[in-house]
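Asker: Here you go, start.txt (compact mmCIF, C-alpha atoms):
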```txt
# COMPACT_ATOMS: atom_id res chain seq x y z
CA MET A 212 -19.29 -19.22 -107.95
CA ALA A 213 -21.65 -21.66 -109.43
CA SER A 214 -23.27 -19.42 -111.98
CA GLU A 215 -22.99 -15.91 -113.38
CA ASN A 216 -26.30 -14.44 -112.27
CA LEU A 217 -25.63 -14.66 -108.55
CA THR A 218 -27.16 -12.15 -106.25
CA ALA A 219 -25.15 -10.73 -103.40
CA SER A 220 -27.09 -12.55 -100.73
CA SER A 221 -26.91 -15.92 -102.44
CA TYR A 222 -23.18 -15.37 -102.95
CA ILE A 223 -22.74 -14.74 -99.26
CA GLN A 224 -24.91 -17.66 -98.31
CA HIS A 225 -23.01 -19.86 -100.65
CA HIS A 226 -19.77 -18.85 -99.05
CA LEU A 227 -21.07 -19.49 -95.56
CA GLN A 228 -22.31 -22.98 -96.37
CA ASN A 229 -20.18 -25.91 -95.28
CA LEU A 230 -19.68 -28.96 -97.41
CA THR A 231 -21.98 -31.19 -95.38
CA TYR A 232 -22.10 -34.94 -95.73
CA GLY A 233 -24.95 -36.81 -94.11
CA GLN A 234 -28.22 -38.68 -94.49
CA HIS A 235 -30.96 -36.93 -96.41
CA PRO A 236 -34.49 -37.09 -94.98
CA ASP A 237 -35.37 -39.53 -97.74
CA GLY A 238 -32.78 -41.99 -96.43
CA THR A 239 -30.04 -41.57 -98.99
CA TRP A 240 -26.51 -40.48 -98.03
CA GLY A 241 -24.81 -37.64 -99.78
CA ILE A 242 -23.71 -34.03 -99.80
CA ALA A 243 -26.25 -31.40 -98.83
CA HIS A 244 -27.08 -28.84 -101.49
CA GLY A 245 -28.02 -25.69 -99.67
CA ALA A 246 -28.58 -24.70 -96.07
CA GLU A 247 -32.04 -26.29 -95.75
CA GLU A 248 -30.84 -29.69 -96.82
CA ALA A 249 -27.88 -29.46 -94.45
CA ALA A 250 -30.15 -28.44 -91.59
CA ALA A 251 -32.49 -31.33 -92.38
CA MET A 252 -29.65 -33.78 -91.90
CA GLY A 253 -29.63 -33.01 -88.20
CA PHE A 254 -26.79 -33.97 -85.89
CA TRP A 255 -25.51 -37.01 -87.78
CA ALA A 256 -23.84 -35.07 -90.55
CA ILE A 257 -20.29 -33.96 -90.93
CA HIS A 258 -18.66 -30.89 -92.45
CA LEU A 259 -16.10 -32.38 -94.79
CA ASP A 260 -14.34 -29.09 -95.52
CA THR A 261 -13.92 -28.23 -91.85
CA MET A 262 -12.59 -31.68 -91.08
CA LEU A 263 -10.28 -31.67 -94.08
CA PHE A 264 -8.69 -28.33 -93.28
CA SER A 265 -8.52 -28.74 -89.54
CA ILE A 266 -6.98 -32.18 -89.73
CA GLY A 267 -4.73 -31.16 -92.61
CA LEU A 268 -3.46 -28.15 -90.71
CA GLY A 269 -3.09 -30.16 -87.54
CA ILE A 270 -0.98 -32.68 -89.41
CA LEU A 271 1.03 -29.87 -90.98
CA PHE A 272 1.69 -28.46 -87.51
CA LEU A 273 2.70 -31.81 -86.03
CA TRP A 274 4.77 -32.76 -89.06
CA LEU A 275 6.73 -29.51 -88.91
CA PHE A 276 7.26 -29.63 -85.19
CA ARG A 277 8.04 -33.34 -85.17
CA LYS A 278 10.58 -32.79 -87.92
CA ALA A 279 12.32 -30.19 -85.80
CA ALA A 280 11.98 -32.24 -82.63
CA LYS A 281 13.47 -35.36 -84.18
CA LYS A 282 16.78 -33.77 -85.05
CA VAL A 283 16.81 -31.30 -82.23
CA SER A 284 20.32 -30.16 -81.46
CA VAL A 285 21.50 -28.48 -78.31
CA ASP A 286 24.48 -26.71 -79.78
CA THR A 287 23.61 -25.82 -83.36
CA PRO A 288 19.91 -25.17 -83.85
CA SER A 289 18.86 -24.85 -87.48
CA GLY A 290 16.26 -22.48 -88.91
CA LEU A 291 13.19 -24.61 -88.33
CA GLN A 292 14.38 -25.61 -84.89
CA ASN A 293 14.79 -21.96 -83.96
CA PHE A 294 11.22 -21.28 -84.92
CA VAL A 295 9.92 -24.34 -83.09
CA GLU A 296 11.98 -23.47 -80.04
CA LEU A 297 10.63 -19.94 -80.13
CA MET A 298 7.06 -21.24 -80.10
CA VAL A 299 7.75 -23.84 -77.44
CA GLU A 300 9.55 -21.36 -75.24
CA PHE A 301 6.80 -18.79 -75.67
CA VAL A 302 4.10 -21.29 -74.74
CA ASP A 303 6.19 -22.70 -71.90
CA GLN A 304 6.67 -19.20 -70.55
CA SER A 305 2.96 -18.47 -70.74
CA VAL A 306 2.10 -21.71 -68.99
CA LYS A 307 4.69 -21.21 -66.25
CA GLU A 308 3.48 -17.68 -65.57
CA THR A 309 -0.10 -18.77 -65.10
CA PHE A 310 -0.05 -22.37 -64.00
CA HIS A 311 2.04 -23.26 -60.97
CA GLY A 312 1.15 -26.89 -60.44
CA LYS A 313 2.73 -29.94 -61.98
CA ASN A 314 1.01 -31.18 -65.08
CA LYS A 315 2.55 -32.69 -68.15
CA VAL A 316 -0.51 -32.18 -70.33
CA ILE A 317 -1.10 -28.46 -70.10
CA ALA A 318 1.99 -27.16 -71.89
CA PRO A 319 1.71 -29.43 -74.97
CA LEU A 320 -2.03 -28.79 -74.95
CA ALA A 321 -1.43 -25.07 -74.99
CA LEU A 322 1.14 -25.41 -77.78
CA THR A 323 -1.24 -27.49 -79.86
CA ILE A 324 -4.06 -25.03 -79.33
CA PHE A 325 -1.97 -22.01 -80.16
CA VAL A 326 -0.36 -23.29 -83.32
CA TRP A 327 -3.35 -25.20 -84.58
CA VAL A 328 -5.82 -22.37 -84.02
CA PHE A 329 -3.33 -19.95 -85.50
CA LEU A 330 -2.97 -22.07 -88.65
CA MET A 331 -6.73 -22.51 -88.98
CA ASN A 332 -7.26 -18.77 -88.51
CA THR A 333 -4.57 -18.02 -91.08
CA MET A 334 -6.69 -19.73 -93.74
CA ASP A 335 -8.80 -16.59 -93.47
CA LEU A 336 -6.08 -14.67 -95.30
CA VAL A 337 -6.39 -16.85 -98.39
CA PRO A 338 -8.59 -14.89 -100.81
CA VAL A 339 -12.19 -15.91 -100.17
CA ASP A 340 -12.93 -17.08 -103.70
CA PHE A 341 -9.65 -18.78 -104.39
CA LEU A 342 -10.02 -22.22 -102.86
CA PRO A 343 -13.84 -22.46 -103.23
CA HIS A 344 -13.51 -21.65 -106.92
CA LEU A 345 -10.81 -24.29 -107.36
CA ALA A 346 -13.06 -26.73 -105.56
CA SER A 347 -16.03 -25.88 -107.75
CA LEU A 348 -13.89 -26.58 -110.78
CA LEU A 349 -13.33 -30.02 -109.27
CA GLY A 350 -17.07 -30.41 -108.79
CA VAL A 351 -17.29 -29.63 -105.09
CA PRO A 352 -20.26 -27.32 -104.56
CA TYR A 353 -19.42 -25.84 -101.18
CA PHE A 354 -16.07 -25.20 -99.63
CA ARG A 355 -15.32 -23.23 -96.47
CA VAL A 356 -11.62 -23.05 -95.90
CA VAL A 357 -11.50 -21.54 -92.41
CA PRO A 358 -12.34 -24.25 -89.87
CA THR A 359 -12.55 -21.78 -86.99
CA THR A 360 -15.50 -20.04 -88.67
CA ASP A 361 -17.37 -23.28 -88.10
CA LEU A 362 -18.88 -23.33 -84.63
CA ASN A 363 -18.45 -27.11 -84.57
CA ALA A 364 -14.69 -26.76 -84.70
CA THR A 365 -14.40 -24.21 -81.92
CA LEU A 366 -16.99 -25.97 -79.77
CA GLY A 367 -15.20 -29.26 -80.35
CA MET A 368 -12.04 -27.81 -78.90
CA SER A 369 -13.68 -25.91 -76.08
CA ILE A 370 -15.70 -28.94 -75.01
CA SER A 371 -12.51 -30.99 -74.94
CA VAL A 372 -11.03 -28.30 -72.72
CA PHE A 373 -14.20 -28.38 -70.62
CA ILE A 374 -13.84 -32.13 -70.14
CA LEU A 375 -10.26 -31.58 -69.00
CA ILE A 376 -11.43 -28.87 -66.59
CA ILE A 377 -13.90 -31.27 -64.99
CA TYR A 378 -11.40 -34.13 -65.02
CA TYR A 379 -8.70 -32.15 -63.27
CA SER A 380 -11.18 -30.54 -60.86
CA ILE A 381 -12.25 -33.98 -59.72
CA LYS A 382 -8.74 -35.39 -59.78
CA VAL A 383 -7.28 -32.60 -57.68
CA LYS A 384 -10.15 -31.87 -55.31
CA GLY A 385 -12.00 -35.16 -55.38
CA VAL A 386 -15.67 -35.54 -56.24
CA SER A 387 -16.79 -34.06 -52.93
CA GLY A 388 -14.44 -31.14 -53.30
CA PHE A 389 -15.67 -30.40 -56.79
CA VAL A 390 -19.32 -30.70 -55.82
CA GLY A 391 -18.63 -28.61 -52.76
CA GLU A 392 -17.06 -25.95 -54.92
CA LEU A 393 -20.17 -25.90 -57.06
CA THR A 394 -22.69 -25.84 -54.22
CA LEU A 395 -21.20 -24.38 -51.03
CA GLN A 396 -20.03 -21.05 -52.31
CA PRO A 397 -20.37 -18.13 -52.44
CA PHE A 398 -23.28 -18.15 -49.94
CA GLY A 399 -22.85 -21.13 -47.65
CA LYS A 400 -24.89 -24.31 -47.32
CA TRP A 401 -28.34 -22.73 -46.81
CA MET A 402 -28.32 -21.38 -50.34
CA ILE A 403 -27.29 -24.55 -52.19
CA PRO A 404 -29.72 -24.24 -55.14
CA PHE A 405 -28.74 -20.65 -55.72
CA ASN A 406 -25.03 -21.44 -55.40
CA LEU A 407 -25.39 -24.34 -57.81
CA LEU A 408 -27.12 -22.11 -60.33
CA LEU A 409 -24.48 -19.44 -60.02
CA GLU A 410 -21.48 -21.75 -60.16
CA GLY A 411 -23.04 -23.96 -62.81
CA VAL A 412 -23.57 -21.03 -65.10
CA GLY A 413 -20.03 -19.88 -64.40
CA LEU A 414 -18.67 -23.33 -65.23
CA LEU A 415 -20.70 -23.76 -68.39
CA ALA A 416 -19.91 -20.25 -69.54
CA LYS A 417 -16.25 -21.22 -69.81
CA PRO A 418 -16.45 -23.55 -72.85
CA VAL A 419 -19.26 -21.61 -74.44
CA SER A 420 -17.49 -18.27 -74.23
CA LEU A 421 -14.23 -19.88 -75.33
CA ALA A 422 -15.85 -21.32 -78.45
CA LEU A 423 -18.04 -18.36 -79.28
CA ARG A 424 -15.25 -15.81 -78.91
CA LEU A 425 -13.04 -17.53 -81.44
CA PHE A 426 -15.91 -18.39 -83.74
CA GLY A 427 -17.38 -14.89 -83.60
CA ASN A 428 -14.14 -13.11 -84.33
CA LEU A 429 -13.22 -15.29 -87.27
CA TYR A 430 -16.76 -15.48 -88.63
CA ALA A 431 -16.99 -11.70 -88.61
CA GLY A 432 -13.60 -11.42 -90.25
CA GLU A 433 -14.54 -13.85 -92.97
CA LEU A 434 -17.86 -12.15 -93.54
CA ILE A 435 -16.12 -8.84 -94.10
CA PHE A 436 -13.77 -10.48 -96.60
CA ILE A 437 -16.81 -11.90 -98.40
CA LEU A 438 -18.51 -8.50 -98.40
CA ILE A 439 -15.38 -6.90 -99.81
CA ALA A 440 -15.34 -9.61 -102.49
CA ILE A 441 -18.76 -8.44 -103.70
CA LEU A 442 -17.36 -5.03 -104.60
CA PRO A 443 -16.10 -4.34 -108.14
CA TRP A 444 -12.78 -6.10 -108.58
CA GLY A 445 -10.82 -2.88 -109.24
CA ILE A 446 -11.33 -1.44 -105.79
CA GLN A 447 -11.35 -4.60 -103.73
CA TRP A 448 -7.66 -4.34 -102.85
CA ALA A 449 -8.19 -0.91 -101.29
CA LEU A 450 -10.33 -2.52 -98.59
CA SER A 451 -9.16 -6.10 -98.46
CA VAL A 452 -5.49 -5.25 -97.97
CA PRO A 453 -6.00 -3.04 -94.88
CA TRP A 454 -8.52 -5.51 -93.51
CA ALA A 455 -6.16 -8.43 -94.09
CA ILE A 456 -3.34 -6.57 -92.37
CA PHE A 457 -5.57 -5.78 -89.44
CA HIS A 458 -6.86 -9.32 -89.47
CA ILE A 459 -3.34 -10.70 -88.90
CA LEU A 460 -3.64 -9.18 -85.45
CA VAL A 461 -7.01 -10.86 -84.87
CA ILE A 462 -5.67 -14.20 -86.05
CA VAL A 463 -2.73 -14.23 -83.64
CA LEU A 464 -4.65 -12.61 -80.83
CA GLN A 465 -7.54 -15.06 -80.94
CA ALA A 466 -5.19 -18.03 -81.02
CA PHE A 467 -3.33 -16.57 -78.06
CA ILE A 468 -6.53 -15.82 -76.14
CA PHE A 469 -7.84 -19.33 -76.68
CA MET A 470 -4.55 -20.73 -75.40
CA MET A 471 -4.28 -18.39 -72.42
CA LEU A 472 -7.86 -18.95 -71.31
CA THR A 473 -7.38 -22.70 -71.55
CA ILE A 474 -4.35 -22.42 -69.29
CA VAL A 475 -6.21 -20.13 -66.90
CA TYR A 476 -9.25 -22.41 -66.71
CA LEU A 477 -7.11 -25.47 -66.13
CA SER A 478 -5.04 -23.75 -63.47
CA MET A 479 -8.31 -22.71 -61.79
CA ALA A 480 -9.35 -26.35 -61.91
CA HIS A 481 -6.15 -27.24 -60.07
CA GLU A 482 -6.64 -24.66 -57.36
CA ASP A 483 -8.05 -25.79 -54.08
CA HIS A 484 -10.17 -23.21 -52.34
CA MET B 126 -25.17 -22.92 -88.42
CA ASN B 127 -25.67 -26.53 -87.60
CA ILE B 128 -24.16 -28.33 -84.69
CA ASN B 129 -23.41 -31.81 -85.93
CA LEU B 130 -20.96 -34.67 -85.94
CA THR B 131 -18.17 -32.30 -86.96
CA LEU B 132 -17.99 -31.25 -83.33
CA ILE B 133 -17.16 -34.76 -82.19
CA GLY B 134 -14.76 -35.24 -85.06
CA GLN B 135 -13.01 -32.05 -84.07
CA ALA B 136 -12.82 -33.08 -80.45
CA ILE B 137 -11.33 -36.44 -81.42
CA SER B 138 -8.76 -34.96 -83.79
CA PHE B 139 -7.93 -32.33 -81.19
CA ALA B 140 -7.33 -35.02 -78.60
CA ILE B 141 -5.14 -36.99 -81.00
CA PHE B 142 -3.11 -33.88 -81.89
CA VAL B 143 -2.62 -32.99 -78.26
CA TRP B 144 -1.58 -36.54 -77.47
CA PHE B 145 0.90 -36.58 -80.35
CA CYS B 146 2.29 -33.21 -79.37
CA MET B 147 2.62 -34.32 -75.76
CA LYS B 148 4.31 -37.56 -76.73
CA PHE B 149 6.57 -36.71 -79.65
CA VAL B 150 6.98 -32.96 -80.00
CA TRP B 151 7.08 -31.35 -76.60
CA PRO B 152 9.51 -33.59 -74.67
CA PRO B 153 12.51 -33.52 -77.08
CA VAL B 154 12.26 -29.79 -77.69
CA ILE B 155 11.86 -28.87 -74.05
CA ALA B 156 14.64 -31.30 -73.11
CA ALA B 157 16.94 -29.62 -75.61
CA LEU B 158 16.02 -26.20 -74.26
CA GLU B 159 16.63 -27.29 -70.70
CA GLU B 160 19.90 -28.93 -71.61
CA ARG B 161 21.03 -25.80 -73.38
CA SER B 162 20.15 -23.57 -70.47
CA LYS B 163 21.95 -26.00 -68.16
CA LYS B 164 24.96 -25.96 -70.42
CA ILE B 165 25.02 -22.18 -70.42
CA ALA B 166 24.66 -22.08 -66.66
CA ASP B 167 27.46 -24.64 -66.32
CA GLY B 168 29.64 -22.64 -68.68
CA LEU B 169 29.10 -19.46 -66.72
CA GLU B 170 29.81 -21.26 -63.49
CA ALA B 171 32.96 -22.79 -64.96
CA ALA B 172 34.08 -19.36 -66.12
CA ASN B 173 33.48 -17.98 -62.65
CA ARG B 174 35.36 -20.84 -61.09
CA ALA B 175 38.21 -20.43 -63.54
CA SER B 176 38.56 -16.74 -62.79
CA ARG B 177 38.46 -17.50 -59.08
CA ASP B 178 41.10 -20.18 -59.60
CA LEU B 179 43.19 -17.74 -61.58
CA GLU B 180 42.99 -15.22 -58.78
CA LEU B 181 44.02 -17.85 -56.27
CA ALA B 182 46.87 -18.99 -58.48
CA GLN B 183 48.10 -15.44 -58.91
CA GLU B 184 47.96 -14.90 -55.20
CA LYS B 185 49.83 -18.12 -54.63
CA ALA B 186 52.39 -17.20 -57.26
CA THR B 187 53.10 -13.82 -55.67
CA GLN B 188 53.33 -15.44 -52.27
CA THR B 189 55.74 -18.07 -53.58
CA LEU B 190 57.77 -15.38 -55.25
CA ARG B 191 57.96 -13.39 -52.04
CA GLU B 192 58.91 -16.47 -50.07
CA SER B 193 61.61 -17.44 -52.49
CA LYS B 194 62.97 -13.93 -52.46
CA GLU B 195 63.12 -14.06 -48.72
CA GLN B 196 64.78 -17.43 -48.86
CA ALA B 197 67.29 -16.21 -51.42
CA ALA B 198 68.12 -13.23 -49.25
CA GLU B 199 68.53 -15.49 -46.27
CA ILE B 200 70.76 -17.84 -48.21
CA ILE B 201 72.90 -14.99 -49.45
CA GLU B 202 73.19 -13.65 -45.94
CA GLN B 203 74.17 -17.06 -44.64
CA ALA B 204 76.65 -17.46 -47.44
CA ASN B 205 78.19 -14.12 -46.62
CA LYS B 206 78.39 -15.01 -43.00
CA ARG B 207 79.94 -18.34 -43.86
CA ALA B 208 82.44 -16.71 -46.20
CA ASN B 209 83.48 -14.29 -43.50
CA GLN B 210 83.77 -17.13 -41.09
CA ILE B 211 85.91 -19.10 -43.53
CA ILE B 212 88.13 -16.10 -44.12
CA ASP B 213 88.50 -15.56 -40.38
CA GLU B 214 89.29 -19.20 -39.88
CA ALA B 215 91.85 -19.11 -42.68
CA LYS B 216 93.44 -16.04 -41.20
CA GLU B 217 93.64 -17.64 -37.81
CA GLN B 218 95.01 -20.80 -39.34
CA ALA B 219 97.59 -18.83 -41.25
CA ILE B 220 98.63 -16.99 -38.12
CA THR B 221 98.95 -20.16 -36.09
CA ASP B 222 100.74 -21.89 -38.96
CA GLY B 223 103.14 -19.00 -39.31
CA GLN B 224 103.74 -18.97 -35.59
CA ARG B 225 104.43 -22.68 -35.60
CA LEU B 226 106.76 -22.46 -38.53
CA ARG B 227 108.59 -19.59 -36.92
CA ASP B 228 108.84 -21.55 -33.67
CA ALA B 229 110.14 -24.58 -35.52
CA ALA B 230 112.70 -22.46 -37.38
CA GLN B 231 113.68 -20.79 -34.15
CA SER B 232 114.23 -24.06 -32.36
CA GLU B 233 116.18 -25.45 -35.31
CA ILE B 234 118.35 -22.38 -35.31
CA GLU B 235 118.88 -22.76 -31.63
CA GLN B 236 119.74 -26.39 -32.08
CA ASP B 237 122.18 -25.47 -34.85
CA VAL B 238 123.74 -22.87 -32.61
CA VAL B 239 124.09 -25.39 -29.84
CA ARG B 240 125.51 -27.92 -32.25
CA ALA B 241 127.93 -25.36 -33.66
CA LYS B 242 128.97 -24.37 -30.21
CA GLU B 243 129.50 -27.92 -29.36
CA ALA B 244 131.55 -28.51 -32.48
CA LEU B 245 133.53 -25.39 -31.76
CA ARG B 246 134.07 -26.44 -28.20
CA SER B 247 135.35 -29.85 -29.31
CA GLN B 248 137.61 -28.15 -31.85
CA VAL B 249 138.85 -25.64 -29.26
CA SER B 250 139.76 -28.50 -27.00
CA SER B 251 141.54 -30.32 -29.79
CA LEU B 252 143.23 -27.06 -30.85
CA ALA B 253 144.26 -26.48 -27.30
CA LEU B 254 145.70 -29.96 -27.23
CA ILE B 255 147.56 -29.35 -30.50
CA GLY B 256 148.72 -25.99 -29.23
CA ALA B 257 149.95 -27.56 -26.00
CA GLU B 258 151.73 -30.25 -27.98
CA LYS B 259 153.38 -27.67 -30.10
CA ILE B 260 154.33 -25.56 -27.09
CA LEU B 261 155.74 -28.54 -25.30
CA GLY B 262 157.50 -29.86 -28.44
CA ALA B 263 159.22 -26.59 -29.46
CA SER B 264 161.65 -24.41 -27.42
CA VAL B 265 160.12 -21.91 -25.29
CA ASP B 266 160.21 -18.94 -27.37
CA GLN B 267 158.23 -15.82 -26.52
CA LYS B 268 158.08 -14.92 -30.00
CA ALA B 269 157.17 -18.40 -31.09
CA HIS B 270 154.64 -18.61 -28.27
CA SER B 271 152.94 -15.55 -29.19
CA GLU B 272 152.84 -16.66 -32.77
CA ILE B 273 151.21 -19.92 -31.71
CA VAL B 274 148.78 -18.13 -29.50
CA GLU B 275 147.92 -15.77 -32.26
CA GLN B 276 147.50 -18.68 -34.60
CA LEU B 277 145.31 -20.36 -32.07
CA ALA B 278 143.20 -17.38 -31.65
CA LYS B 279 142.81 -17.11 -35.36
CA GLU B 280 141.67 -20.65 -35.53
CA LEU B 281 139.00 -20.07 -32.94
```
In structure tokens, write the structure found in this file.

Answerer:
Amino acid sequence: MASENLTASSYIQHHLQNLTYGQHPDGTWGIAHGAEEAAAMGFWAIHLDTMLFSIGLGILFLWLFRKAAKKVSVDTPSGLQNFVELMVEFVDQSVKETFHGKNKVIAPLALTIFVWVFLMNTMDLVPVDFLPHLASLLGVPYFRVVPTTDLNATLGMSISVFILIIYYSIKVKGVSGFVGELTLQPFGKWMIPFNLLLEGVGLLAKPVSLALRLFGNLYAGELIFILIAILPWGIQWALSVPWAIFHILVIVLQAFIFMMLTIVYLSMAHEDH
Amino acid sequence: MNINLTLIGQAISFAIFVWFCMKFVWPPVIAALEERSKKIADGLEAANRASRDLELAQEKATQTLRESKEQAAEIIEQANKRANQIIDEAKEQAITDGQRLRDAAQSEIEQDVVRAKEALRSQVSSLALIGAEKILGASVDQKAHSEIVEQLAKEL
């Protein structure tokens, strides 16, 4: 909180503002102060807080898992290895149930998505004022700690998945097969424009729905935490604790859904009609 | 909510994370899991094989036992038969030996008898000669004759 006489709406707005670095309309580079300035920076700006937390959590994930993988033992698994094996086995199971082809990318991709998204979602359970307040003490004006409440983060992942969908569609079915899939069904070759519209929307809906589902769930969750934080401090726990407990479910579930849908989409891309 | 460069940054970091996971995290862990499941499967199979082997060995052991019992019985039977045979042979031998000994003794006795008879005969003839000498040398005396004859008879 920057100052004492904050209104509720400015408090909320402040909490929903990313730390944006970019070029101001007047040509200077710097951090945007407020939503209007950030919007004026256009596309060539970057959310430092989102990048910091997503990359930091990604590195945390890989560091932990790499640590376990390096001294993996067949006979005497240690504590960390048990956990890592549990995750790997769970993801492997999910992939094998859904995807029947041969692909070395999908299982590690699914593991990365699941754990990374889960870690990013988990940042939602850190009290909403805790890290931003620490940051403001260090002179950072805006600080959003949950990367998955930033549409850029979820879209970044879902577009990567989308690129993989198109890549594998073309690789498995060939360009003609992929184009044929988009244009020659469901109504045969006399309805090509209509088919293209239908299938194109279906194809594009995949990354958009993937990104918006995760973003929406976490954004809503964060917003409710922020709203609870406006209440008098004495009664906050009565609402924030149940919500946090319920939110644990959302956090895991959304990470799982993102992973499962990625697997499903990629296995659809591998299927030849 | 602005869509900006963060999106591309996220996509790039996502790609790098996935690549790292695919290269350095996934393979060793999944290899360990597979190796462990293989080990367990091997262990179970080995246990199965061992129990099957045990069963076979037990069967073989009982069969061997039965065979050796049979063999032992056979050997004992043969030994008995052989013993009886030996006893019979010994008996027969003893009988023939006895017979032979008796025959030998008999023939010796007979020979002795013949020899004795012969000796007697030679003595009788010499006695007769002596008697005749005496008869011819002395006077004919009935009394003396009879004494000589009696003496002669005694000497026979």

Asker: Do a neighbour search on Glu247 in chain A at 12 Å with only C-alpha atoms, toss out local chain neighbours closer than 6 positions, and write the hits as a PyMOL selection string.

Answerer: (chain A and resi 224+228-229+231+235-236+253) or (chain B and resi 126-127)

Asker: Write out as a ChimeraX atom specification every residue belonging to chain B that has an atom at most 8 Å from any atom of chain A, counting all atoms listed in the file.

Answerer: /B:126-136,138-140,142-143,145-147,149-151,153-155,157-158,160-161

Asker: Give me, please, the distance in Å between CA of Leu349 in chain A and CA of Gly267 in chain A, quoted to one decimal.

Answerer: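 Separation between CA of Leu349 in chain A and CA of Gly267 in chain A: 18.8 Å.
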
Asker: Find the spatial neighbours of Gly413 in chain A, counting all atoms listed in the file, within a cut-off of 12 Å - ignore same-chain residues fewer than 5 positions away - and output them as a list in words.

Answerer: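 Once the adjacent positions are removed, what remains is Glu392, Leu393, Asn406, Leu407, Leu408, Pro418, Val419, Ser420 and Tyr476 of chain A.
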
Asker: Separation of CA of Leu395 in chain A and CA of Lys313 in chain A, in Å?

Answerer: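 CA of Lys313 in chain A lies 26.9 Å from CA of Leu395 in chain A.
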
Asker: Calculate how many Å separate CA of Val326 in chain A from CA of Val357 in chain A, rounding to one decimal.

Answerer: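 Pair CA of Val326 in chain A / CA of Val357 in chain A returns 14.5 Å.
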
Asker: Env of Asp340 in chain A: 10 Å cut, atoms = only C-alpha atoms, seq-sep filter 5 positions within chain, self excluded. Answer as an mmCIF file with C-alpha atoms, keeping the file's coordinate frame.

Answerer:
```
data_model
loop_
_atom_site.group_PDB
_atom_site.id
_atom_site.type_symbol
_atom_site.label_atom_id
_atom_site.label_comp_id
_atom_site.auth_asym_id
_atom_site.auth_seq_id
_atom_site.Cartn_x
_atom_site.Cartn_y
_atom_site.Cartn_z
ATOM 1 C CA MET A 212 -19.290 -19.220 -107.950
ATOM 2 C CA HIS A 226 -19.770 -18.850 -99.050
ATOM 3 C CA LEU A 345 -10.810 -24.290 -107.360
ATOM 4 C CA ALA A 346 -13.060 -26.730 -105.560
ATOM 5 C CA PHE A 354 -16.070 -25.200 -99.630
ATOM 6 C CA ARG A 355 -15.320 -23.230 -96.470
ATOM 7 C CA VAL A 356 -11.620 -23.050 -95.900
ATOM 8 C CA PHE A 436 -13.770 -10.480 -96.600
ATOM 9 C CA ILE A 437 -16.810 -11.900 -98.400
ATOM 10 C CA ALA A 440 -15.340 -9.610 -102.490
#
```

Asker: Would you give me, as CSV, each residue of range 171-262 of chain B having an atom within 12 Å of an atom of range 270-276 of chain B, along with its shortest atom pair and that distance in Å to one decimal, using all atoms listed in the file and sorting by chain and residue number?

Answerer:
```
residue,atom,partner,partner_atom,distance
B:Leu252,CA,B:Gln276,CA,10.1
B:Ala253,CA,B:Val274,CA,9.7
B:Ile255,CA,B:Ile273,CA,10.2
B:Gly256,CA,B:Ile273,CA,7.0
B:Ala257,CA,B:Ile273,CA,9.6
B:Glu258,CA,B:Ile273,CA,11.0
B:Lys259,CA,B:Ile273,CA,8.2
B:Ile260,CA,B:His270,CA,7.1
B:Leu261,CA,B:His270,CA,10.4
B:Gly262,CA,B:His270,CA,11.6
```

Asker: For a cutoff of 12 Å around the file-coordinate point (140.3, -24.2, -38.3), which residues qualify once you count all atoms listed in the file? I'd like the result as an MDAnalysis selection string.

Answerer: chainID B and resid 244:245 247:249 251:253 255 276:281
